[in-house]
>>> print(open('start_22.txt').read())   # compact mmCIF, C-alpha atoms
# COMPACT_ATOMS: atom_id res chain seq x y z
CA MET R 17 50.41 116.04 69.19
CA LYS R 18 50.19 117.20 65.58
CA GLN R 19 51.68 113.91 64.40
CA LEU R 20 49.23 111.96 66.55
CA LYS R 21 46.34 113.91 65.02
CA ASP R 22 47.69 113.16 61.55
CA PHE R 23 47.67 109.44 62.31
CA TYR R 24 44.09 109.69 63.56
CA ILE R 25 43.02 111.37 60.32
CA LYS R 26 44.85 108.80 58.17
CA LEU R 27 43.23 105.89 59.96
CA SER R 28 39.81 107.53 59.90
CA LEU R 29 39.95 107.99 56.13
CA GLU R 30 40.78 104.37 55.34
CA SER R 31 37.82 102.58 53.78
CA VAL R 32 37.00 98.89 54.05
CA ASP R 33 37.49 98.36 50.32
CA CYS R 34 40.82 100.14 50.47
CA LEU R 35 42.06 97.99 53.34
CA ARG R 36 41.09 94.80 51.57
CA ARG R 37 43.53 95.42 48.73
CA ILE R 38 46.99 93.97 49.28
CA LEU R 39 48.88 97.10 48.28
CA ASP R 40 46.88 99.22 50.70
CA LYS R 41 47.39 96.72 53.52
CA LYS R 42 51.11 97.22 53.09
CA ARG R 43 50.59 100.96 53.36
CA VAL R 44 48.37 100.89 56.44
CA CYS R 45 50.60 98.50 58.38
CA PRO R 46 53.51 101.02 58.61
CA VAL R 47 51.03 103.68 59.75
CA LEU R 48 49.96 101.48 62.66
CA LYS R 49 53.59 100.70 63.47
CA GLU R 50 54.48 104.39 63.52
CA LEU R 51 51.43 105.13 65.66
CA ASP R 52 52.50 102.43 68.10
CA GLU R 53 56.01 103.87 68.28
CA LEU R 54 54.70 107.42 68.76
CA VAL R 55 52.39 106.40 71.59
CA GLY R 56 55.32 104.58 73.21
CA LEU R 57 57.47 107.70 72.90
CA ILE R 58 54.77 109.92 74.41
CA THR R 59 54.35 107.44 77.26
CA ASN R 60 58.08 107.53 77.98
CA PHE R 61 58.02 111.33 78.15
CA MET R 62 55.12 111.24 80.63
CA VAL R 63 56.62 108.71 83.03
CA GLY R 64 57.50 110.48 86.27
CA ASP R 65 57.03 113.95 84.80
CA GLU R 66 53.92 115.78 86.01
CA THR R 67 54.74 118.84 83.89
CA VAL R 68 54.62 116.83 80.67
CA LYS R 69 51.40 115.11 81.76
CA CYS R 70 49.71 118.44 82.49
CA LYS R 71 50.87 119.94 79.20
CA LEU R 72 49.60 116.98 77.17
CA THR R 73 46.30 117.14 79.04
CA GLU R 74 45.96 120.79 78.07
CA LEU R 75 46.67 119.86 74.45
CA GLY R 76 43.82 117.34 74.47
CA LEU R 77 45.77 114.06 74.52
CA SER R 78 43.05 112.21 76.42
CA ASP R 79 40.33 113.20 73.95
CA LEU R 80 42.52 112.25 70.98
CA ILE R 81 43.36 108.85 72.47
CA HIS R 82 39.65 108.15 72.98
CA LYS R 83 39.00 109.06 69.34
CA LEU R 84 41.72 106.65 68.25
CA TRP R 85 40.09 103.90 70.34
CA SER R 86 36.75 104.49 68.55
CA THR R 87 38.47 104.36 65.15
CA LEU R 88 40.20 101.08 65.97
CA PHE R 89 37.04 99.53 67.41
CA GLN R 90 35.07 100.48 64.29
CA SER R 91 37.70 98.82 62.13
CA VAL R 92 37.84 95.60 64.10
CA ALA R 93 35.68 93.56 61.71
CA ARG R 94 38.39 93.95 59.07
CA LEU R 95 40.71 91.80 61.17
CA HIS R 96 38.50 88.72 61.12
CA PRO R 97 40.32 85.73 59.54
CA ALA R 98 37.37 85.29 57.17
CA ILE R 99 38.25 88.66 55.65
CA THR R 100 42.04 88.68 55.93
CA LYS R 101 42.35 85.07 54.68
CA LYS R 102 45.39 84.87 56.99
CA GLN R 103 47.49 86.75 54.45
CA LYS R 104 50.95 87.84 55.59
CA PRO R 105 50.42 91.62 55.42
CA TRP R 106 47.85 91.27 58.18
CA ASP R 107 50.08 89.49 60.70
CA CYS R 108 51.75 92.64 62.00
CA VAL R 109 48.44 94.54 61.99
CA GLU R 110 46.83 91.84 64.12
CA LEU R 111 49.70 91.81 66.60
CA ILE R 112 49.85 95.59 67.00
CA TRP R 113 46.09 95.69 67.48
CA LEU R 114 46.18 92.84 70.01
CA GLU R 115 49.02 94.47 71.95
CA PHE R 116 46.95 97.64 72.09
CA LEU R 117 43.99 95.67 73.44
CA GLN R 118 46.20 93.87 75.94
CA THR R 119 47.35 97.20 77.36
CA LEU R 120 43.86 98.69 77.21
CA SER R 121 42.39 95.66 79.00
CA LEU R 122 44.58 96.30 82.02
CA TYR R 123 42.17 99.09 82.96
CA PRO R 124 38.48 98.86 83.94
CA GLU R 125 37.30 101.07 81.07
CA GLY R 126 39.06 98.91 78.52
CA GLN R 127 37.94 95.66 80.15
CA SER R 128 34.35 96.83 80.02
CA ASN R 129 34.39 98.14 76.44
CA ILE R 130 36.16 95.16 74.89
CA ALA R 131 33.68 92.72 76.39
CA LYS R 132 30.66 94.84 75.47
CA ILE R 133 31.53 95.42 71.82
CA ASN R 134 30.58 92.14 70.20
CA ASP R 135 32.82 92.50 67.13
CA VAL R 136 35.87 93.14 69.28
CA PHE R 137 35.16 90.24 71.62
CA GLU R 138 34.56 87.81 68.74
CA ILE R 139 37.76 88.83 66.97
CA VAL R 140 39.80 88.30 70.13
CA LEU R 141 38.29 84.83 70.47
CA ALA R 142 39.05 84.03 66.83
CA LEU R 143 42.65 85.21 67.08
CA THR R 144 43.38 82.86 69.98
CA PHE R 145 43.65 80.26 67.21
CA SER R 146 45.97 82.31 65.03
CA THR R 147 48.78 80.45 63.28
CA LYS R 148 51.17 83.03 64.72
CA THR R 149 52.28 82.12 68.25
CA MET R 150 52.62 85.69 69.51
CA ASN R 151 49.21 86.64 68.14
CA LYS R 152 47.32 83.79 69.77
CA ILE R 153 49.15 84.20 73.09
CA THR R 154 48.44 87.93 73.14
CA ALA R 155 44.76 87.29 72.35
CA LEU R 156 44.61 84.89 75.29
CA LEU R 157 46.18 87.50 77.56
CA VAL R 158 43.44 89.93 76.55
CA LEU R 159 40.84 87.36 77.61
CA ARG R 160 42.72 86.82 80.86
CA ASN R 161 42.49 90.54 81.60
CA LEU R 162 38.78 90.56 80.77
CA ALA R 163 38.20 87.65 83.15
CA PHE R 164 39.73 89.56 86.05
CA TYR R 165 37.06 92.27 85.72
CA GLN R 166 34.12 90.99 87.76
CA PRO R 167 31.32 92.69 85.74
CA ASN R 168 32.51 90.68 82.70
CA ARG R 169 31.76 87.33 84.31
CA ALA R 170 28.25 87.00 82.90
CA ARG R 171 29.40 87.99 79.41
CA LEU R 172 32.14 85.38 79.38
CA LEU R 173 30.22 82.56 81.01
CA THR R 174 27.25 82.89 78.65
CA SER R 175 29.49 82.60 75.59
CA GLY R 176 29.53 79.04 74.29
CA GLU R 177 32.47 79.94 72.08
CA PHE R 178 34.44 81.14 75.09
CA LEU R 179 33.73 77.97 77.09
CA ASN R 180 34.68 75.84 74.08
CA LEU R 181 37.91 77.81 73.83
CA LEU R 182 38.79 76.97 77.44
CA GLY R 183 38.25 73.27 76.81
CA ASN R 184 40.13 73.29 73.52
CA LYS R 185 43.19 74.99 74.98
CA LEU R 186 43.24 72.61 77.96
CA GLU R 187 43.28 69.69 75.52
CA THR R 188 45.58 70.94 72.77
CA GLY R 189 47.19 74.16 73.95
CA THR R 190 50.84 74.80 74.71
CA VAL R 191 52.15 74.94 78.27
CA GLU R 192 51.88 78.74 78.21
CA GLU R 193 48.34 78.64 76.86
CA LYS R 194 47.22 76.13 79.48
CA SER R 195 48.74 78.23 82.25
CA THR R 196 46.80 81.26 81.02
CA ILE R 197 43.58 79.25 80.81
CA VAL R 198 44.05 78.12 84.42
CA LEU R 199 44.33 81.75 85.51
CA ILE R 200 41.17 82.62 83.58
CA MET R 201 39.26 79.75 85.18
CA TRP R 202 40.55 80.68 88.62
CA SER R 203 39.43 84.27 88.23
CA LEU R 204 35.95 83.30 87.06
CA ALA R 205 35.39 80.49 89.57
CA ALA R 206 36.52 82.37 92.67
CA ASN R 207 33.44 82.92 94.87
CA ASN R 208 31.23 82.23 91.85
CA GLN R 209 29.02 79.17 92.14
CA LYS R 210 27.53 79.70 88.69
CA ALA R 211 30.97 79.53 87.06
CA LYS R 212 31.79 76.33 88.95
CA ILE R 213 28.56 74.72 87.79
CA MET R 214 29.13 75.76 84.18
CA PHE R 215 32.73 74.59 84.20
CA LYS R 216 31.70 71.19 85.52
CA ALA R 217 28.82 70.97 83.04
CA ALA R 218 31.33 71.58 80.24
CA HIS R 219 33.65 68.95 81.81
CA LEU R 220 36.38 71.54 82.19
CA ASP R 221 37.24 70.21 85.63
CA MET R 222 37.89 66.78 84.12
CA LYS R 223 40.02 68.27 81.37
CA LEU R 224 41.99 70.27 83.91
CA GLN R 225 42.48 67.12 85.95
CA GLN R 226 43.93 65.36 82.90
CA VAL R 227 46.32 68.26 82.32
CA LEU R 228 47.34 68.13 85.96
CA LYS R 229 48.00 64.38 85.86
CA HIS R 230 50.13 64.79 82.75
CA TYR R 231 52.28 67.48 84.32
CA GLN R 232 52.57 65.62 87.60
CA LEU R 233 54.08 62.72 85.67
CA SER R 234 56.27 65.06 83.62
CA SER R 235 57.23 67.64 86.21
CA ASP R 236 60.17 68.82 84.12
CA LEU R 237 57.71 70.47 81.70
CA ILE R 238 56.30 72.89 84.25
CA SER R 239 57.24 74.44 87.58
CA GLY R 240 56.05 73.14 90.92
CA GLU R 241 54.29 76.45 91.48
CA GLU R 242 52.25 75.97 88.31
CA ILE R 243 51.26 72.46 89.38
CA GLU R 244 50.16 73.74 92.79
CA ARG R 245 48.10 76.45 91.10
CA MET R 246 46.35 73.87 88.92
CA GLU R 247 45.64 71.72 91.97
CA TYR R 248 44.16 74.67 93.80
CA VAL R 249 42.01 75.84 90.88
CA LEU R 250 40.68 72.31 90.43
CA SER R 251 39.79 72.19 94.13
CA VAL R 252 38.02 75.56 93.84
CA ILE R 253 35.92 74.41 90.88
CA ARG R 254 34.96 71.22 92.71
CA ASP R 255 34.38 73.08 95.99
CA GLU R 256 36.99 70.89 97.65
CA ASP R 257 38.72 73.97 99.04
CA LYS R 258 35.80 74.45 101.46
CA ILE R 259 36.43 71.06 103.00
CA LEU R 260 39.92 72.04 104.12
>>> encode(input="start_22.txt", output="structure tokens")
Amino acid sequence: MKQLKDFYIKLSLESVDCLRRILDKKRVCPVLKELDELVGLITNFMVGDETVKCKLTELGLSDLIHKLWSTLFQSVARLHPAITKKQKPWDCVELIWLEFLQTLSLYPEGQSNIAKINDVFEIVLALTFSTKTMNKITALLVLRNLAFYQPNRARLLTSGEFLNLLGNKLETGTVEEKSTIVLIMWSLAANNQKAKIMFKAAHLDMKLQQVLKHYQLSSDLISGEEIERMEYVLSVIRDEDKIL
């Protein structure tokens, strides 16, 4: 716990100007890596051990983790590509941060906070176009998790940037990216007439149909299960599933 508190203090003391200097970026990156490893170690100790969980609760682990969340959220603007200029020292920082958000977005509290905090949401959108494959895939997985939280529907569907992202990935994304986009669209369109209307207005159904046709002709690129999922999601968006 003492080491975790030390990391919190170190991260809290970092200034924007300090982080923008290359030498300091190299210093902060190891701190985030060590923090990631420490949290992983603590998690391993807690798995299946109620005694450890109770002891860490008494020591204030929950409160400290929440403080770390606030610190990371306040620092999010520093990760914008316009600031980092896509310099190498930031690659690992981005990935660690995105992996944290991916885990956090598995839970309702995280799903709600990430979508509500505009800076965080915008950075996640921006990083879906990262030049690093793992970074952009992880950013997409964060959006997938946000889409599965029903109260986030309005936030996502009223974002022009988000809708443009869906269309862009359907047109130019990798197989993995397109599969994730299909899951996002499925989650948002299920029992949601507004989402269906907006998807069709943005011609996302047509773009999905083109993707589907391509994979049907090149079935070796994707599994039959994935093709069936695309067919079903397309039918949901076009309300064809109600005809069955």
>>> closest_residue(input="start_22.txt", among="R:Val158, R:Ser234, R:Ile200, R:Phe178", to="Leu120 of chain R", atoms="all atoms listed in the file")
R:Val158
>>> residues_around(input="start_22.txt", residues="Leu172 of chain R", least_positions_apart="3", cutoff="12 Å", atoms="all atoms listed in the file", output="PyMOL selection string")
chain R and resi 127-128+130-132+134+137-138+141+159-169+175-182+200-201+203-205+210-211+214-215
>>> write_last_selection(input="start_22.txt", atoms="C-alpha atoms", output="mmCIF file, in the coordinates of the input")
data_model
loop_
_atom_site.group_PDB
_atom_site.id
_atom_site.type_symbol
_atom_site.label_atom_id
_atom_site.label_comp_id
_atom_site.auth_asym_id
_atom_site.auth_seq_id
_atom_site.Cartn_x
_atom_site.Cartn_y
_atom_site.Cartn_z
ATOM 1 C CA GLN R 127 37.940 95.660 80.150
ATOM 2 C CA SER R 128 34.350 96.830 80.020
ATOM 3 C CA ILE R 130 36.160 95.160 74.890
ATOM 4 C CA ALA R 131 33.680 92.720 76.390
ATOM 5 C CA LYS R 132 30.660 94.840 75.470
ATOM 6 C CA ASN R 134 30.580 92.140 70.200
ATOM 7 C CA PHE R 137 35.160 90.240 71.620
ATOM 8 C CA GLU R 138 34.560 87.810 68.740
ATOM 9 C CA LEU R 141 38.290 84.830 70.470
ATOM 10 C CA LEU R 159 40.840 87.360 77.610
ATOM 11 C CA ARG R 160 42.720 86.820 80.860
ATOM 12 C CA ASN R 161 42.490 90.540 81.600
ATOM 13 C CA LEU R 162 38.780 90.560 80.770
ATOM 14 C CA ALA R 163 38.200 87.650 83.150
ATOM 15 C CA PHE R 164 39.730 89.560 86.050
ATOM 16 C CA TYR R 165 37.060 92.270 85.720
ATOM 17 C CA GLN R 166 34.120 90.990 87.760
ATOM 18 C CA PRO R 167 31.320 92.690 85.740
ATOM 19 C CA ASN R 168 32.510 90.680 82.700
ATOM 20 C CA ARG R 169 31.760 87.330 84.310
ATOM 21 C CA SER R 175 29.490 82.600 75.590
ATOM 22 C CA GLY R 176 29.530 79.040 74.290
ATOM 23 C CA GLU R 177 32.470 79.940 72.080
ATOM 24 C CA PHE R 178 34.440 81.140 75.090
ATOM 25 C CA LEU R 179 33.730 77.970 77.090
ATOM 26 C CA ASN R 180 34.680 75.840 74.080
ATOM 27 C CA LEU R 181 37.910 77.810 73.830
ATOM 28 C CA LEU R 182 38.790 76.970 77.440
ATOM 29 C CA ILE R 200 41.170 82.620 83.580
ATOM 30 C CA MET R 201 39.260 79.750 85.180
ATOM 31 C CA SER R 203 39.430 84.270 88.230
ATOM 32 C CA LEU R 204 35.950 83.300 87.060
ATOM 33 C CA ALA R 205 35.390 80.490 89.570
ATOM 34 C CA LYS R 210 27.530 79.700 88.690
ATOM 35 C CA ALA R 211 30.970 79.530 87.060
ATOM 36 C CA MET R 214 29.130 75.760 84.180
ATOM 37 C CA PHE R 215 32.730 74.590 84.200
#
>>> closest_atom_pairs(input="start_22.txt", of="segment 116-215 of chain R", to="segment 65-87 of chain R", cutoff="12 Å", atoms="only C-alpha atoms", output="CSV")
residue,atom,partner,partner_atom,distance
R:Phe116,CA,R:Trp85,CA,9.5
R:Leu117,CA,R:Trp85,CA,9.6
R:Leu120,CA,R:Trp85,CA,9.4
R:Glu125,CA,R:His82,CA,11.0
R:Gly126,CA,R:Trp85,CA,9.6
R:Asn129,CA,R:Trp85,CA,10.1
R:Ile130,CA,R:Trp85,CA,10.6
R:Ile133,CA,R:Ser86,CA,11.0
R:Val136,CA,R:Ser86,CA,11.4
>>> closest_residue(input="start_22.txt", among="R:Ile238, R:Ala218, R:Leu233, R:Ile213", to="Thr190 of chain R", atoms="only C-alpha atoms")
R:Ile238
>>> atom_distance(input="start_22.txt", atom1="atom CA of Pro124 of chain R", atom2="atom CA of Ala206 of chain R")
18.8 Å
>>> residues_around(input="start_22.txt", residues="Leu228 of chain R", least_positions_apart="4", cutoff="12 Å", atoms="all atoms listed in the file", output="VMD selection string")
chain R and resid 186 to 187 191 194 to 195 198 221 to 224 232 to 235 237 to 240 242 to 251
>>> closest_residue(input="start_22.txt", among="R:Val109, R:Ala155, R:Ile253, R:Ile58", to="Ala217 of chain R", atoms="all atoms listed in the file")
R:Ile253
>>> build_atoms(input="start_22.txt", residues="segment 152-167 of chain R", atoms="N, CA and C atoms", output="CSV table (one decimal), keeping the file's coordinate frame")
chain,number,residue,atom,x,y,z
R,152,LYS,N,48.3,84.6,69.0
R,152,LYS,CA,47.3,83.8,69.8
R,152,LYS,C,47.6,83.9,71.3
R,153,ILE,N,48.8,84.0,71.7
R,153,ILE,CA,49.2,84.2,73.1
R,153,ILE,C,48.7,85.6,73.6
R,154,THR,N,48.9,86.6,72.8
R,154,THR,CA,48.4,87.9,73.1
R,154,THR,C,46.9,88.0,73.2
R,155,ALA,N,46.2,87.3,72.3
R,155,ALA,CA,44.8,87.3,72.4
R,155,ALA,C,44.3,86.6,73.6
R,156,LEU,N,45.0,85.6,74.0
R,156,LEU,CA,44.6,84.9,75.3
R,156,LEU,C,44.8,85.8,76.5
R,157,LEU,N,45.9,86.6,76.5
R,157,LEU,CA,46.2,87.5,77.6
R,157,LEU,C,45.1,88.6,77.7
R,158,VAL,N,44.6,89.0,76.5
R,158,VAL,CA,43.4,89.9,76.6
R,158,VAL,C,42.3,89.3,77.3
R,159,LEU,N,41.9,88.1,76.9
R,159,LEU,CA,40.8,87.4,77.6
R,159,LEU,C,41.1,87.2,79.1
R,160,ARG,N,42.4,86.9,79.4
R,160,ARG,CA,42.7,86.8,80.9
R,160,ARG,C,42.4,88.1,81.6
R,161,ASN,N,42.8,89.2,81.0
R,161,ASN,CA,42.5,90.5,81.6
R,161,ASN,C,41.0,90.8,81.7
R,162,LEU,N,40.2,90.4,80.7
R,162,LEU,CA,38.8,90.6,80.8
R,162,LEU,C,38.2,89.7,81.9
R,163,ALA,N,38.7,88.5,82.1
R,163,ALA,CA,38.2,87.6,83.2
R,163,ALA,C,38.4,88.2,84.6
R,164,PHE,N,39.4,89.0,84.7
R,164,PHE,CA,39.7,89.6,86.0
R,164,PHE,C,38.9,90.8,86.4
R,165,TYR,N,38.0,91.2,85.5
R,165,TYR,CA,37.1,92.3,85.7
R,165,TYR,C,35.7,91.7,86.0
R,166,GLN,N,35.3,91.7,87.3
R,166,GLN,CA,34.1,91.0,87.8
R,166,GLN,C,32.8,91.2,87.0
R,167,PRO,N,32.5,92.5,86.5
R,167,PRO,CA,31.3,92.7,85.7
R,167,PRO,C,31.3,91.9,84.4
